[in-house]
>>> print(open('run30.cif').read())   # mmCIF, C-alpha atoms
data_protein
#
loop_
_atom_site.group_PDB
_atom_site.id
_atom_site.type_symbol
_atom_site.label_atom_id
_atom_site.label_comp_id
_atom_site.auth_asym_id
_atom_site.auth_seq_id
_atom_site.Cartn_x
_atom_site.Cartn_y
_atom_site.Cartn_z
ATOM 1 C CA MET A 1 5.812 123.335 78.455
ATOM 2 C CA THR A 2 9.212 123.749 80.081
ATOM 3 C CA ALA A 3 12.221 121.584 79.489
ATOM 4 C CA THR A 4 11.762 120.049 82.924
ATOM 5 C CA THR A 5 8.315 118.721 82.158
ATOM 6 C CA ALA A 6 9.029 117.976 78.524
ATOM 7 C CA ASP A 7 12.055 115.794 79.319
ATOM 8 C CA ALA A 8 10.274 113.935 82.119
ATOM 9 C CA PRO A 9 9.295 110.377 81.120
ATOM 10 C CA ARG A 10 5.586 109.798 80.653
ATOM 11 C CA LEU A 11 4.132 107.279 83.091
ATOM 12 C CA THR A 12 1.298 104.903 82.333
ATOM 13 C CA LEU A 13 -1.845 104.741 84.468
ATOM 14 C CA GLY A 14 -0.587 101.522 86.036
ATOM 15 C CA GLN A 15 2.709 103.176 86.977
ATOM 16 C CA HIS A 16 0.844 106.112 88.523
ATOM 17 C CA LEU A 17 -1.296 103.727 90.568
ATOM 18 C CA ARG A 18 1.780 101.776 91.716
ATOM 19 C CA ASP A 19 3.500 105.016 92.746
ATOM 20 C CA ALA A 20 0.386 106.111 94.622
ATOM 21 C CA ARG A 21 0.122 102.741 96.381
ATOM 22 C CA ALA A 22 3.805 102.790 97.380
ATOM 23 C CA GLY A 23 3.484 106.320 98.733
ATOM 24 C CA LEU A 24 0.336 105.363 100.639
ATOM 25 C CA VAL A 25 2.066 102.333 102.186
ATOM 26 C CA ARG A 26 5.062 104.452 103.248
ATOM 27 C CA SER A 27 2.769 107.116 104.693
ATOM 28 C CA THR A 28 0.733 104.506 106.594
ATOM 29 C CA ILE A 29 3.898 103.005 108.084
ATOM 30 C CA ALA A 30 5.101 106.477 109.095
ATOM 31 C CA PHE A 31 1.719 107.183 110.719
ATOM 32 C CA ALA A 32 1.753 103.864 112.619
ATOM 33 C CA VAL A 33 5.255 104.523 113.941
ATOM 34 C CA ALA A 34 4.258 108.070 114.923
ATOM 35 C CA VAL A 35 1.171 106.742 116.776
ATOM 36 C CA VAL A 36 3.359 104.361 118.784
ATOM 37 C CA VAL A 37 5.724 107.229 119.622
ATOM 38 C CA GLY A 38 2.729 109.376 120.578
ATOM 39 C CA TYR A 39 1.414 106.677 122.907
ATOM 40 C CA LEU A 40 4.806 106.334 124.574
ATOM 41 C CA LEU A 41 4.837 110.117 125.074
ATOM 42 C CA SER A 42 1.234 110.258 126.348
ATOM 43 C CA ASP A 43 2.358 110.219 130.008
ATOM 44 C CA ALA A 44 4.575 113.249 129.428
ATOM 45 C CA VAL A 45 1.767 114.996 127.513
ATOM 46 C CA LEU A 46 -0.705 114.352 130.332
ATOM 47 C CA ASP A 47 1.802 115.710 132.865
ATOM 48 C CA VAL A 48 1.950 118.941 130.856
ATOM 49 C CA LEU A 49 -1.851 119.095 130.673
ATOM 50 C CA ARG A 50 -2.243 118.461 134.415
ATOM 51 C CA ALA A 51 0.258 121.152 135.430
ATOM 52 C CA PRO A 52 -2.213 124.081 135.587
ATOM 53 C CA ILE A 53 -4.796 121.894 137.358
ATOM 54 C CA LEU A 54 -2.250 121.009 140.034
ATOM 55 C CA GLU A 55 -1.495 124.721 140.374
ATOM 56 C CA ILE A 56 -5.183 125.483 140.908
ATOM 57 C CA ALA A 57 -5.446 122.588 143.395
ATOM 58 C CA GLN A 58 -3.028 124.372 145.735
ATOM 59 C CA THR A 59 -5.706 126.943 146.571
ATOM 60 C CA ARG A 60 -8.949 124.935 146.190
ATOM 61 C CA ASP A 61 -10.260 121.549 145.087
ATOM 62 C CA ALA A 62 -9.485 120.887 141.421
ATOM 63 C CA SER A 63 -9.120 117.646 139.501
ATOM 64 C CA LEU A 64 -9.196 116.072 136.055
ATOM 65 C CA ASN A 65 -12.014 113.533 135.790
ATOM 66 C CA TYR A 66 -13.121 110.757 133.444
ATOM 67 C CA ASP A 67 -16.770 110.015 132.697
ATOM 68 C CA SER A 68 -16.365 106.300 131.905
ATOM 69 C CA VAL A 69 -14.299 103.257 132.851
ATOM 70 C CA THR A 70 -12.412 103.438 129.567
ATOM 71 C CA GLY A 71 -12.063 107.229 129.685
ATOM 72 C CA ALA A 72 -8.373 107.230 130.679
ATOM 73 C CA PHE A 73 -7.399 104.728 127.966
ATOM 74 C CA ASP A 74 -9.516 106.551 125.370
ATOM 75 C CA LEU A 75 -7.738 109.801 126.214
ATOM 76 C CA ARG A 76 -4.289 108.225 125.857
ATOM 77 C CA LEU A 77 -5.298 106.666 122.541
ATOM 78 C CA ARG A 78 -6.640 109.994 121.345
ATOM 79 C CA ILE A 79 -3.387 111.730 122.272
ATOM 80 C CA ALA A 80 -1.450 109.005 120.439
ATOM 81 C CA VAL A 81 -3.509 109.379 117.244
ATOM 82 C CA LEU A 82 -3.281 113.179 117.273
ATOM 83 C CA ALA A 83 0.467 113.000 117.904
ATOM 84 C CA GLY A 84 0.739 110.512 115.037
ATOM 85 C CA ILE A 85 -1.064 112.871 112.664
ATOM 86 C CA VAL A 86 1.178 115.793 113.612
ATOM 87 C CA LEU A 87 4.457 113.854 113.623
ATOM 88 C CA ALA A 88 3.729 112.088 110.332
ATOM 89 C CA ALA A 89 2.402 115.194 108.540
ATOM 90 C CA PRO A 90 5.830 116.273 107.152
ATOM 91 C CA TRP A 91 6.317 112.799 105.656
ATOM 92 C CA TRP A 92 2.861 112.921 104.053
ATOM 93 C CA LEU A 93 3.599 116.313 102.532
ATOM 94 C CA VAL A 94 6.922 115.143 101.106
ATOM 95 C CA GLU A 95 5.239 112.033 99.674
ATOM 96 C CA ALA A 96 2.597 114.235 98.039
ATOM 97 C CA VAL A 97 5.269 116.440 96.434
ATOM 98 C CA ARG A 98 7.181 113.346 95.320
ATOM 99 C CA TYR A 99 4.050 111.918 93.665
ATOM 100 C CA VAL A 100 3.080 115.073 91.764
ATOM 101 C CA GLY A 101 6.719 116.067 91.192
ATOM 102 C CA PRO A 102 6.996 114.749 87.604
ATOM 103 C CA GLY A 103 4.174 117.080 86.582
ATOM 104 C CA LEU A 104 5.762 120.149 88.200
ATOM 105 C CA THR A 105 8.425 122.470 86.883
ATOM 106 C CA ARG A 106 11.699 122.854 88.749
ATOM 107 C CA ARG A 107 10.516 126.198 90.116
ATOM 108 C CA GLU A 108 7.227 124.724 91.319
ATOM 109 C CA ARG A 109 8.968 121.799 93.035
ATOM 110 C CA ARG A 110 11.379 124.197 94.706
ATOM 111 C CA ALA A 111 8.464 126.339 95.897
ATOM 112 C CA ALA A 112 6.582 123.295 97.241
ATOM 113 C CA LEU A 113 9.580 121.916 99.139
ATOM 114 C CA GLY A 114 10.465 125.391 100.422
ATOM 115 C CA THR A 115 6.907 125.807 101.677
ATOM 116 C CA ILE A 116 7.089 122.529 103.575
ATOM 117 C CA ALA A 117 10.523 123.378 104.994
ATOM 118 C CA ALA A 118 9.215 126.715 106.290
ATOM 119 C CA ALA A 119 5.746 125.564 107.375
ATOM 120 C CA VAL A 120 6.863 122.666 109.584
ATOM 121 C CA PRO A 121 9.086 124.672 111.997
ATOM 122 C CA LEU A 122 6.615 127.567 112.026
ATOM 123 C CA PHE A 123 3.758 125.216 112.920
ATOM 124 C CA ALA A 124 5.918 123.703 115.663
ATOM 125 C CA ALA A 125 6.741 127.197 116.962
ATOM 126 C CA GLY A 126 3.052 128.103 116.948
ATOM 127 C CA CYS A 127 2.133 124.940 118.844
ATOM 128 C CA ALA A 128 4.899 125.660 121.360
ATOM 129 C CA THR A 129 3.452 129.141 121.839
ATOM 130 C CA GLY A 130 0.010 127.637 122.421
ATOM 131 C CA LEU A 131 1.433 125.199 124.965
ATOM 132 C CA ALA A 132 3.130 128.082 126.765
ATOM 133 C CA LEU A 133 -0.103 130.086 126.825
ATOM 134 C CA PHE A 134 -2.695 127.533 127.845
ATOM 135 C CA PRO A 135 -1.682 127.085 131.558
ATOM 136 C CA HIS A 136 -2.064 130.824 132.100
ATOM 137 C CA MET A 137 -5.415 130.741 130.308
ATOM 138 C CA VAL A 138 -6.672 127.808 132.401
ATOM 139 C CA GLU A 139 -5.652 129.448 135.666
ATOM 140 C CA LEU A 140 -7.204 132.755 134.642
ATOM 141 C CA LEU A 141 -10.530 131.281 133.564
ATOM 142 C CA ALA A 142 -10.746 128.926 136.536
ATOM 143 C CA GLY A 143 -10.056 131.909 138.798
ATOM 144 C CA PHE A 144 -13.571 133.252 138.131
ATOM 145 C CA ALA A 145 -14.953 130.489 140.357
ATOM 146 C CA GLY A 146 -15.865 131.401 143.913
ATOM 147 C CA GLU A 147 -13.654 130.590 146.893
ATOM 148 C CA GLY A 148 -15.864 127.709 148.050
ATOM 149 C CA ASP A 149 -16.335 126.253 144.573
ATOM 150 C CA THR A 150 -14.708 123.098 143.261
ATOM 151 C CA THR A 151 -13.146 122.960 139.806
ATOM 152 C CA VAL A 152 -14.059 119.590 138.284
ATOM 153 C CA LEU A 153 -12.781 119.284 134.716
ATOM 154 C CA LEU A 154 -13.973 116.574 132.336
ATOM 155 C CA ALA A 155 -10.847 115.166 130.697
ATOM 156 C CA SER A 156 -12.207 115.039 127.127
ATOM 157 C CA THR A 157 -13.566 118.598 127.260
ATOM 158 C CA TYR A 158 -10.378 119.899 128.835
ATOM 159 C CA VAL A 159 -8.166 118.276 126.182
ATOM 160 C CA ASP A 160 -10.442 119.709 123.455
ATOM 161 C CA PHE A 161 -9.889 123.188 124.882
ATOM 162 C CA VAL A 162 -6.114 122.773 124.973
ATOM 163 C CA LEU A 163 -6.017 121.342 121.438
ATOM 164 C CA LYS A 164 -8.013 124.266 120.063
ATOM 165 C CA VAL A 165 -5.542 126.733 121.558
ATOM 166 C CA VAL A 166 -2.447 124.801 120.424
ATOM 167 C CA VAL A 167 -3.658 124.005 116.898
ATOM 168 C CA ALA A 168 -5.075 127.502 116.375
ATOM 169 C CA THR A 169 -1.753 129.149 117.193
ATOM 170 C CA GLY A 170 0.112 126.572 115.095
ATOM 171 C CA VAL A 171 -2.062 127.236 112.042
ATOM 172 C CA ALA A 172 -1.818 130.985 112.597
ATOM 173 C CA PHE A 173 1.970 130.847 112.459
ATOM 174 C CA VAL A 174 1.822 129.007 109.104
ATOM 175 C CA LEU A 175 -0.412 131.578 107.364
ATOM 176 C CA PRO A 176 2.547 133.849 106.358
ATOM 177 C CA VAL A 177 4.040 130.899 104.468
ATOM 178 C CA VAL A 178 0.787 130.615 102.510
ATOM 179 C CA ILE A 179 1.005 134.330 101.713
ATOM 180 C CA VAL A 180 4.566 133.950 100.392
ATOM 181 C CA LEU A 181 3.549 130.912 98.320
ATOM 182 C CA LEU A 182 0.610 132.778 96.754
ATOM 183 C CA ASN A 183 2.945 135.652 95.934
ATOM 184 C CA ALA A 184 5.515 133.306 94.372
ATOM 185 C CA LEU A 185 2.762 131.804 92.216
ATOM 186 C CA GLY A 186 1.676 135.267 91.081
ATOM 187 C CA VAL A 187 -1.742 135.116 92.773
ATOM 188 C CA LEU A 188 -1.107 137.811 95.392
ATOM 189 C CA SER A 189 1.131 140.836 94.932
ATOM 190 C CA ALA A 190 3.010 142.759 97.605
ATOM 191 C CA ALA A 191 1.132 145.917 96.600
ATOM 192 C CA THR A 192 -2.185 144.203 97.337
ATOM 193 C CA LEU A 193 -0.884 143.061 100.719
ATOM 194 C CA ALA A 194 0.359 146.551 101.570
ATOM 195 C CA ARG A 195 -2.960 148.151 100.622
ATOM 196 C CA GLY A 196 -4.843 145.729 102.844
ATOM 197 C CA TRP A 197 -2.609 145.996 105.909
ATOM 198 C CA ARG A 198 -5.391 147.428 108.074
ATOM 199 C CA VAL A 199 -7.699 144.537 107.246
ATOM 200 C CA CYS A 200 -4.905 142.054 107.955
ATOM 201 C CA VAL A 201 -4.112 143.564 111.352
ATOM 202 C CA VAL A 202 -7.788 143.587 112.335
ATOM 203 C CA ALA A 203 -8.124 139.961 111.180
ATOM 204 C CA ILE A 204 -5.081 138.988 113.272
ATOM 205 C CA VAL A 205 -6.518 140.684 116.366
ATOM 206 C CA VAL A 206 -9.917 139.050 115.862
ATOM 207 C CA PHE A 207 -8.325 135.631 115.359
ATOM 208 C CA SER A 208 -6.196 136.098 118.486
ATOM 209 C CA ALA A 209 -9.260 137.108 120.479
ATOM 210 C CA LEU A 210 -11.139 134.004 119.313
ATOM 211 C CA ALA A 211 -8.191 131.701 119.994
ATOM 212 C CA THR A 212 -7.719 133.039 123.538
ATOM 213 C CA PRO A 213 -10.186 133.873 126.318
ATOM 214 C CA ALA A 214 -11.844 137.259 125.946
ATOM 215 C CA ALA A 215 -10.794 138.301 129.458
ATOM 216 C CA ASP A 216 -7.133 137.436 128.923
ATOM 217 C CA VAL A 217 -5.698 140.424 127.054
ATOM 218 C CA LEU A 218 -2.091 139.381 127.698
ATOM 219 C CA SER A 219 -2.568 135.992 126.016
ATOM 220 C CA MET A 220 -4.250 137.688 123.071
ATOM 221 C CA LEU A 221 -1.274 140.019 122.653
ATOM 222 C CA LEU A 222 1.183 137.121 122.935
ATOM 223 C CA VAL A 223 -0.578 135.509 119.964
ATOM 224 C CA ALA A 224 -1.244 138.692 117.962
ATOM 225 C CA LEU A 225 2.253 140.196 118.142
ATOM 226 C CA PRO A 226 4.169 137.212 116.661
ATOM 227 C CA MET A 227 1.484 136.829 113.990
ATOM 228 C CA THR A 228 1.812 140.494 113.063
ATOM 229 C CA ALA A 229 5.602 140.197 112.897
ATOM 230 C CA LEU A 230 5.329 137.101 110.675
ATOM 231 C CA TRP A 231 2.834 138.882 108.405
ATOM 232 C CA ALA A 232 5.238 141.833 108.101
ATOM 233 C CA ALA A 233 8.064 139.410 107.243
ATOM 234 C CA ALA A 234 5.856 137.784 104.586
ATOM 235 C CA LEU A 235 5.117 141.228 103.147
ATOM 236 C CA GLY A 236 8.850 142.004 102.995
ATOM 237 C CA ILE A 237 9.620 138.716 101.214
ATOM 238 C CA ALA A 238 6.756 139.331 98.750
ATOM 239 C CA TRP A 239 8.025 142.861 98.079
ATOM 240 C CA LEU A 240 11.551 141.596 97.353
ATOM 241 C CA HIS A 241 10.168 138.887 95.083
ATOM 242 C CA ASP A 242 8.063 141.384 93.135
ATOM 243 C CA ARG A 243 11.056 143.718 92.736
ATOM 244 C CA ARG A 244 13.209 140.906 91.358
ATOM 245 C CA ALA A 245 10.410 139.843 89.008
ATOM 246 C CA ALA A 246 9.993 143.430 87.781
ATOM 247 C CA ARG A 247 13.751 143.757 87.137
ATOM 248 C CA ARG A 248 13.801 140.493 85.190
ATOM 249 C CA ALA A 249 10.815 141.587 83.124
ATOM 250 C CA HIS A 250 12.488 144.942 82.412
ATOM 251 C CA ALA A 251 15.758 143.228 81.422
ATOM 252 C CA ASP A 252 13.956 140.798 79.116
ATOM 253 C CA ALA A 253 11.943 143.559 77.376
ATOM 254 C CA PRO A 254 14.786 144.778 75.053
ATOM 255 C CA ASP A 255 15.557 141.197 74.044
ATOM 256 C CA ARG A 256 11.957 140.579 73.054
ATOM 257 C CA GLU A 257 11.804 143.881 71.162
ATOM 258 C CA GLY A 258 15.027 142.979 69.279
ATOM 259 C CA ALA A 259 13.656 139.560 68.388
ATOM 260 C CA LEU A 260 10.445 141.088 67.041
ATOM 261 C CA ALA A 261 12.421 143.648 65.015
#
>>> encode(input="run30.cif", output="structure tokens")
Amino acid sequence: MTATTADAPRLTLGQHLRDARAGLVRSTIAFAVAVVVGYLLSDAVLDVLRAPILEIAQTRDASLNYDSVTGAFDLRLRIAVLAGIVLAAPWWLVEAVRYVGPGLTRRERRAALGTIAAAVPLFAAGCATGLALFPHMVELLAGFAGEGDTTVLLASTYVDFVLKVVVATGVAFVLPVVIVLLNALGVLSAATLARGWRVCVVAIVVFSALATPAADVLSMLLVALPMTALWAAALGIAWLHDRRAARRAHADAPDREGALA
């Protein structure tokens, strides 16, 4: 047990439950506020989603349709809830670290907070990449329709498609942070990563192909190239970490030998 955990005051079960309840209340309030913000932004979100449909409509009939009277309201509410989950996620993560913090060492808390600090902007960057890609994907896939055909898109299905693209690219951009965290915890070494670089590159290409339409090679490359660069950066960080750990172990070896002597 380290000094950090040994010096930490022991909490009773009741204190743990009160801390958990307070964190849950704060997280619920943050989620409710984020849902309200998401609902207020739903018009802007729908304008972004309609943009490629309006582009298609310049050459042939294309429209976004609802299959029920409440379809439009349901879609706005869905956008608000999803926006609330995404916007409130950083707060939830910080609350989780705060709750388990007394049981973590200083190094573990630093690693957890560093992971959150890196994962949030990377996820946002990945989602932004997905938002930049999806209009091109919609126009490309809708272009396979004949000249006399009409493109009628069901709103719920269309939003599902866009969300899959956006979330998939967001999650993909966060994976290097997971790699660095596993390396910092001693689970995954840089040597193991380097030996498996071919498998990693193939996995990135396959993931990019699944996240983007099979016929759209450009979109696949626009997802695969940043992911490959982030994986290479994660490998570099892991390599530097392993070198520092090896130097510390080598420096501590004479001290341990002297103590044993």
>>> closest_residue(input="run30.cif", among="A:Met227, A:Val205, A:Leu193, A:Ala119", to="Asp242 (chain A)", atoms="all atoms listed in the file")
A:Leu193
>>> axis_aligned_box(input="run30.cif", around="region 148-161 of chain A", padding_each_side="3 Å", output="AutoDock Vina command-line options")
--center_x -12.3 --center_y 121.4 --center_z 135.8 --size_x 14.2 --size_y 18.7 --size_z 30.6
>>> residues_around(input="run30.cif", residues="Ile79 (chain A)", least_positions_apart="5", cutoff="12 Å", atoms="only C-alpha atoms", output="VMD selection string")
chain A and resid 34 to 46 49 72 to 74 84 to 87 155 to 156 159 to 160 162 to 163
>>> resolve_selection(input="run30.cif", expression="the PyMOL selection byres ((chain A and resi 191) around 10)", output="mmCIF file with C-alpha atoms, keeping the file's coordinate frame")
data_model
loop_
_atom_site.group_PDB
_atom_site.id
_atom_site.type_symbol
_atom_site.label_atom_id
_atom_site.label_comp_id
_atom_site.auth_asym_id
_atom_site.auth_seq_id
_atom_site.Cartn_x
_atom_site.Cartn_y
_atom_site.Cartn_z
ATOM 1 C CA LEU A 188 -1.107 137.811 95.392
ATOM 2 C CA SER A 189 1.131 140.836 94.932
ATOM 3 C CA ALA A 190 3.010 142.759 97.605
ATOM 4 C CA THR A 192 -2.185 144.203 97.337
ATOM 5 C CA LEU A 193 -0.884 143.061 100.719
ATOM 6 C CA ALA A 194 0.359 146.551 101.570
ATOM 7 C CA ARG A 195 -2.960 148.151 100.622
ATOM 8 C CA GLY A 196 -4.843 145.729 102.844
ATOM 9 C CA LEU A 235 5.117 141.228 103.147
ATOM 10 C CA ALA A 238 6.756 139.331 98.750
ATOM 11 C CA TRP A 239 8.025 142.861 98.079
ATOM 12 C CA ASP A 242 8.063 141.384 93.135
#
>>> atom_distance(input="run30.cif", atom1="CA of Gly101 (chain A)", atom2="CA of Ala83 (chain A)")
27.6 Å
>>> closest_residue(input="run30.cif", among="A:Cys200, A:Ile116, A:Leu133, A:Ala111", to="Leu230 (chain A)", atoms="all atoms listed in the file")
A:Cys200
>>> resolve_selection(input="run30.cif", expression="the PyMOL selection byres ((chain A and resi 231) around 10)", output="short mmCIF file (atom, residue, chain, number, x, y, z; two decimals) with C-alpha atoms, in the frame of the given file")
data_model
loop_
_atom_site.label_atom_id
_atom_site.label_comp_id
_atom_site.auth_asym_id
_atom_site.auth_seq_id
_atom_site.Cartn_x
_atom_site.Cartn_y
_atom_site.Cartn_z
CA PHE A 173 1.97 130.85 112.46
CA VAL A 174 1.82 129.01 109.10
CA LEU A 175 -0.41 131.58 107.36
CA PRO A 176 2.55 133.85 106.36
CA VAL A 177 4.04 130.90 104.47
CA ILE A 179 1.00 134.33 101.71
CA VAL A 180 4.57 133.95 100.39
CA LEU A 193 -0.88 143.06 100.72
CA TRP A 197 -2.61 146.00 105.91
CA CYS A 200 -4.90 142.05 107.96
CA VAL A 201 -4.11 143.56 111.35
CA ILE A 204 -5.08 138.99 113.27
CA LEU A 225 2.25 140.20 118.14
CA PRO A 226 4.17 137.21 116.66
CA MET A 227 1.48 136.83 113.99
CA THR A 228 1.81 140.49 113.06
CA ALA A 229 5.60 140.20 112.90
CA LEU A 230 5.33 137.10 110.68
CA ALA A 232 5.24 141.83 108.10
CA ALA A 233 8.06 139.41 107.24
CA ALA A 234 5.86 137.78 104.59
CA LEU A 235 5.12 141.23 103.15
CA GLY A 236 8.85 142.00 103.00
CA ILE A 237 9.62 138.72 101.21
#
>>> resolve_selection(input="run30.cif", expression="the PyMOL selection byres ((chain A and resi 168) around 12)", output="ChimeraX atom specification")
/A:123-131,133-134,160-167,169-175,204,207-212,223-224,227
>>> closest_residue(input="run30.cif", among="A:Ala51, A:Ala96, A:Ile56, A:Val217", to="Phe144 (chain A)", atoms="all atoms listed in the file")
A:Ile56
